[in-house]
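Worksheet: the structure to be examined is printed underneath.
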Amino acid sequence: MDDTRSTRREFIHGAIRLGGGALVVLSGTALAAEEHPAERYDWEAHRYAYLIDTTKCIGCGSCVRACAAENAVPDGFYRTWVERYVLSAEGSHVDSPNGGKDGFPPIETGFLPTKSFFVPKMCNHCKETPCIQVCPVGASYRTKEGVVMVDGDRCIGCGYCVQACPFGSRFLSPVTHTAEKCTWCYHRITKGLKPACVTVCPTGTRQFGDMMRDDDPVRQAIEHERVSVMQPHLLTEPQCFYIGLDKEVR
Amino acid sequence: MEHARHVFRIIFVLLLALVAFVLGRTLLVPKSYGMYGPYRFDNVAEQAAIRPPLHGGAASCADCHDDKSKKVAAGVHKHVSCEICHGPLGLHVKDGDVVAKMAIERSFTLCARCHRKIEGRPDKFPQVVLEQHVQQMGPTKLEGKVCLECHDPHSPKL
């Protein structure tokens, strides 16, 4: 009898150990938190936001050119682009020749415009973004600082995210055949620089800021001025804020 | 006895499946996957080091071209970064050494990107209808460095 009991006890002990071991393996990899690998950079100390004052934009396209050069964006594809809206009660005209990369030409509209303006566009780095939800392989993700990025090694190029983005901010690269998008120049901001588009903007239309810094001008503007976001009814909580958006802008 | 053998067979098969699952998962799931969410955390570092920054900003140009920087800073083009017209710093300097000459574009198309009068620009921004403006000023052809004949791009006088 004693022998049987001890065997049963051993069996249960063994089973618990085995189960525990299996759980550790199943729960994924290391549980311990690791520091952000970029040197002298704490990703928990930042929460980035972007401000676009459309009333200042002159449509020079410097941002589009800088973005393309900085991020080796293939020709015909855009991580950021500029749209021109020419409007009146009679009609509307919206264009973005080559994404605004070479500036804008004079145009003839069939109506007398009553207002016209430029709207720079890019990834809105939404808090509740559909592009991450639809990714079947965990290639799209949002960092602690609030940057939405694509892991090119994981991406299988299915294009679900390209379709899911309500702002048209993503594309499948003909070079890598994976989804690409604005990263707020993650290789720059982790070194304390501004994104390339903000660096070159001559009018202060594009501003990049940190919501964790009290004295940050972008945070001040977002907190004290009347800002809006693109397509708020979709509840994606964009982190690109706009000044001077029009009802015609989608 | 016959029944017990059935049970052992099933347990054996299930254990085999479990081992295959655990082994497969360990091999297939990337090392840093799931540390902070359903993504590969190593990619964050990869993205941060994806390439060296190409644009340096106007301040970096002043390291070598202090005279030009001061001139620009004193004029109405003080907010116009050098790299807008001359291209990114990274094509000019690598690791502290000059690797290529900066582009110098003198054509009116460069100036036109900002200053040609087109629909869309804010009214207060200085714009000209190039054809009219150039005719008023004397020359008749819209080519070459027609703007630079009168305006210094580093500190244009209006």
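The chains in the structure tokens are called A, B, ... from first to last as shown; in each chain the residues are counted from 1, and the ligands are counted from 1 in the order shown.
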Inset, instruction - Give the residues of chain A that lie within 6 Å of chain B; count only C-alpha atoms, and format the answer as an MDAnalysis selection string. - result: chainID A and resid 37 58 60 62 70 103 106 116:118 138 151 186:188 199:200 202
Next, write the just-selected residues to a file, as a short mmCIF file (atom, residue, chain, number, x, y, z; two decimals), in the first residue's frame, keeping N, CA and C atoms as the atom set.
data_model
loop_
_atom_site.label_atom_id
_atom_site.label_comp_id
_atom_site.auth_asym_id
_atom_site.auth_seq_id
_atom_site.Cartn_x
_atom_site.Cartn_y
_atom_site.Cartn_z
N PRO A 37 16.63 49.29 -26.50
CA PRO A 37 17.99 49.08 -26.98
C PRO A 37 18.70 50.34 -27.48
N ILE A 58 2.33 76.41 -47.52
CA ILE A 58 2.43 77.09 -48.82
C ILE A 58 2.52 76.09 -49.97
N CYS A 60 4.94 73.90 -50.80
CA CYS A 60 6.23 73.85 -51.49
C CYS A 60 6.69 72.40 -51.72
N SER A 62 8.51 70.57 -49.78
CA SER A 62 9.82 70.24 -49.21
C SER A 62 9.74 69.02 -48.30
N GLU A 70 15.00 60.84 -46.95
CA GLU A 70 15.37 60.33 -45.63
C GLU A 70 15.03 58.85 -45.49
N GLY A 103 6.11 70.51 -55.86
CA GLY A 103 5.29 71.70 -55.73
C GLY A 103 4.01 71.56 -56.55
N PRO A 106 0.07 76.12 -61.46
CA PRO A 106 -1.16 76.91 -61.52
C PRO A 106 -2.26 76.05 -62.15
N SER A 116 -9.10 78.31 -50.98
CA SER A 116 -8.19 77.24 -51.38
C SER A 116 -7.06 77.13 -50.36
N PHE A 117 -6.59 75.92 -50.18
CA PHE A 117 -5.57 75.70 -49.15
C PHE A 117 -4.90 74.35 -49.37
N PHE A 118 -3.77 74.16 -48.69
CA PHE A 118 -3.05 72.90 -48.76
C PHE A 118 -3.24 72.12 -47.46
N GLY A 138 1.17 39.90 -36.70
CA GLY A 138 1.81 40.70 -35.64
C GLY A 138 2.96 41.54 -36.16
N ASP A 151 7.00 45.79 -38.85
CA ASP A 151 8.17 44.92 -38.79
C ASP A 151 8.31 44.25 -40.16
N TYR A 186 11.55 57.24 -37.00
CA TYR A 186 11.94 56.65 -35.71
C TYR A 186 13.46 56.64 -35.51
N HIS A 187 14.20 56.51 -36.62
CA HIS A 187 15.67 56.52 -36.51
C HIS A 187 16.20 57.90 -36.17
N ARG A 188 15.38 58.93 -36.33
CA ARG A 188 15.78 60.29 -35.96
C ARG A 188 15.29 60.66 -34.57
N THR A 199 11.89 68.96 -39.92
CA THR A 199 13.18 69.63 -40.00
C THR A 199 13.23 70.63 -41.15
N VAL A 200 12.62 70.27 -42.29
CA VAL A 200 12.74 71.14 -43.45
C VAL A 200 11.56 72.11 -43.63
N PRO A 202 9.51 75.07 -43.97
CA PRO A 202 9.96 76.46 -43.83
C PRO A 202 8.95 77.37 -43.13
#
Legend entry - Sel. of strand (DSSP E or B) residues, chain B, as a PyMOL selection string: chain B and resi 33+40+93-94+97-98+116+128
Please provide the set of residues having any atom within 7 Å of Phe241 (chain A), restricted to only C-alpha atoms, with same-chain residues fewer than 5 positions apart removed, written as a short mmCIF file (atom, residue, chain, number, x, y, z; two decimals) with N, CA and C atoms, in the first residue's frame.
data_model
loop_
_atom_site.label_atom_id
_atom_site.label_comp_id
_atom_site.auth_asym_id
_atom_site.auth_seq_id
_atom_site.Cartn_x
_atom_site.Cartn_y
_atom_site.Cartn_z
N TYR A 50 1.88 65.03 -33.20
CA TYR A 50 2.24 65.80 -34.39
C TYR A 50 1.17 66.83 -34.63
N LEU A 51 1.60 68.03 -34.98
CA LEU A 51 0.64 69.11 -35.19
C LEU A 51 0.83 69.69 -36.59
N ILE A 52 -0.25 69.81 -37.34
CA ILE A 52 -0.18 70.36 -38.69
C ILE A 52 -1.09 71.57 -38.77
N VAL A 227 -7.99 72.34 -31.88
CA VAL A 227 -7.42 71.44 -32.89
C VAL A 227 -8.45 70.38 -33.25
N SER A 228 -8.26 69.80 -34.42
CA SER A 228 -9.15 68.71 -34.82
C SER A 228 -8.32 67.57 -35.36
N VAL A 229 -8.97 66.44 -35.58
CA VAL A 229 -8.28 65.29 -36.16
C VAL A 229 -9.05 64.85 -37.41
#
Inset, instruction - Skip Asp214 (chain A) itself and residues of its chain fewer than 6 positions away, then list as a ChimeraX atom specification all residues within 12 Å of it, counting only C-alpha atoms. - result: /A:46-47,220-223
Legend entry - For CA of His125 (chain A) and CA of Asp102 (chain A), the interatomic separation in Å (one decimal):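 These two atoms are separated by 25.7 Å.
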Inset, instruction - List every residue of region 25-244 of chain A that DSSP, applied to the backbone, labels as helix (DSSP H, G or I), and write the result as a VMD selection string. - result: chain A and resid 25 to 26 43 to 45 62 to 71 97 to 100 130 to 134 160 to 164 186 to 189 196 to 200 217 to 224 232 to 234
Residue selection dump (C-alpha atoms) as a PDB file, in the first residue's frame:
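Output below, filename out03.pdb:
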ATOM      1  CA  VAL A  25       7.463  27.700 -22.458  1.00  0.00           C
ATOM      2  CA  LEU A  26       3.928  28.425 -23.680  1.00  0.00           C
ATOM      3  CA  TRP A  43      10.836  54.947 -24.632  1.00  0.00           C
ATOM      4  CA  GLU A  44       8.634  55.340 -21.575  1.00  0.00           C
ATOM      5  CA  ALA A  45       9.702  58.968 -21.164  1.00  0.00           C
ATOM      6  CA  SER A  62       9.821  70.243 -49.208  1.00  0.00           C
ATOM      7  CA  CYS A  63       8.459  67.784 -46.643  1.00  0.00           C
ATOM      8  CA  VAL A  64       7.583  65.227 -49.321  1.00  0.00           C
ATOM      9  CA  ARG A  65      11.054  65.471 -50.881  1.00  0.00           C
ATOM     10  CA  ALA A  66      12.784  65.280 -47.503  1.00  0.00           C
ATOM     11  CA  CYS A  67      10.710  62.256 -46.481  1.00  0.00           C
ATOM     12  CA  ALA A  68      11.482  60.438 -49.717  1.00  0.00           C
ATOM     13  CA  ALA A  69      15.219  61.073 -49.348  1.00  0.00           C
ATOM     14  CA  GLU A  70      15.366  60.329 -45.629  1.00  0.00           C
ATOM     15  CA  ASN A  71      13.434  57.082 -45.831  1.00  0.00           C
ATOM     16  CA  PRO A  97       0.482  65.920 -58.388  1.00  0.00           C
ATOM     17  CA  ASN A  98       3.276  63.469 -57.523  1.00  0.00           C
ATOM     18  CA  GLY A  99       2.215  63.835 -53.901  1.00  0.00           C
ATOM     19  CA  GLY A 100       3.154  67.508 -54.057  1.00  0.00           C
ATOM     20  CA  PRO A 130      -7.400  49.414 -37.391  1.00  0.00           C
ATOM     21  CA  CYS A 131      -4.147  48.660 -39.242  1.00  0.00           C
ATOM     22  CA  ILE A 132      -2.715  46.841 -36.236  1.00  0.00           C
ATOM     23  CA  GLN A 133      -5.952  44.983 -35.538  1.00  0.00           C
ATOM     24  CA  VAL A 134      -6.112  43.422 -38.977  1.00  0.00           C
ATOM     25  CA  TYR A 160      -4.878  44.024 -45.135  1.00  0.00           C
ATOM     26  CA  CYS A 161      -3.447  47.022 -43.281  1.00  0.00           C
ATOM     27  CA  VAL A 162      -3.233  49.035 -46.491  1.00  0.00           C
ATOM     28  CA  GLN A 163      -6.960  48.478 -46.950  1.00  0.00           C
ATOM     29  CA  ALA A 164      -7.803  48.980 -43.278  1.00  0.00           C
ATOM     30  CA  TYR A 186      11.942  56.652 -35.706  1.00  0.00           C
ATOM     31  CA  HIS A 187      15.665  56.518 -36.511  1.00  0.00           C
ATOM     32  CA  ARG A 188      15.779  60.286 -35.965  1.00  0.00           C
ATOM     33  CA  ILE A 189      13.461  60.853 -33.015  1.00  0.00           C
ATOM     34  CA  ALA A 196      12.768  64.984 -41.641  1.00  0.00           C
ATOM     35  CA  CYS A 197       9.523  66.648 -42.771  1.00  0.00           C
ATOM     36  CA  VAL A 198       9.471  68.838 -39.662  1.00  0.00           C
ATOM     37  CA  THR A 199      13.185  69.633 -40.004  1.00  0.00           C
ATOM     38  CA  VAL A 200      12.735  71.144 -43.455  1.00  0.00           C
ATOM     39  CA  PRO A 217       4.888  73.933 -27.858  1.00  0.00           C
ATOM     40  CA  VAL A 218       2.928  71.164 -29.582  1.00  0.00           C
ATOM     41  CA  ARG A 219       1.454  69.998 -26.288  1.00  0.00           C
ATOM     42  CA  GLN A 220       0.625  73.609 -25.430  1.00  0.00           C
ATOM     43  CA  ALA A 221      -1.114  74.065 -28.778  1.00  0.00           C
ATOM     44  CA  ILE A 222      -3.078  70.826 -28.476  1.00  0.00           C
ATOM     45  CA  GLU A 223      -4.117  71.655 -24.920  1.00  0.00           C
ATOM     46  CA  HIS A 224      -4.988  75.314 -25.402  1.00  0.00           C
ATOM     47  CA  PRO A 232     -12.952  61.625 -35.795  1.00  0.00           C
ATOM     48  CA  HIS A 233     -16.155  59.600 -36.259  1.00  0.00           C
ATOM     49  CA  LEU A 234     -14.028  56.499 -36.834  1.00  0.00           C
TER      50      LEU A 234
END
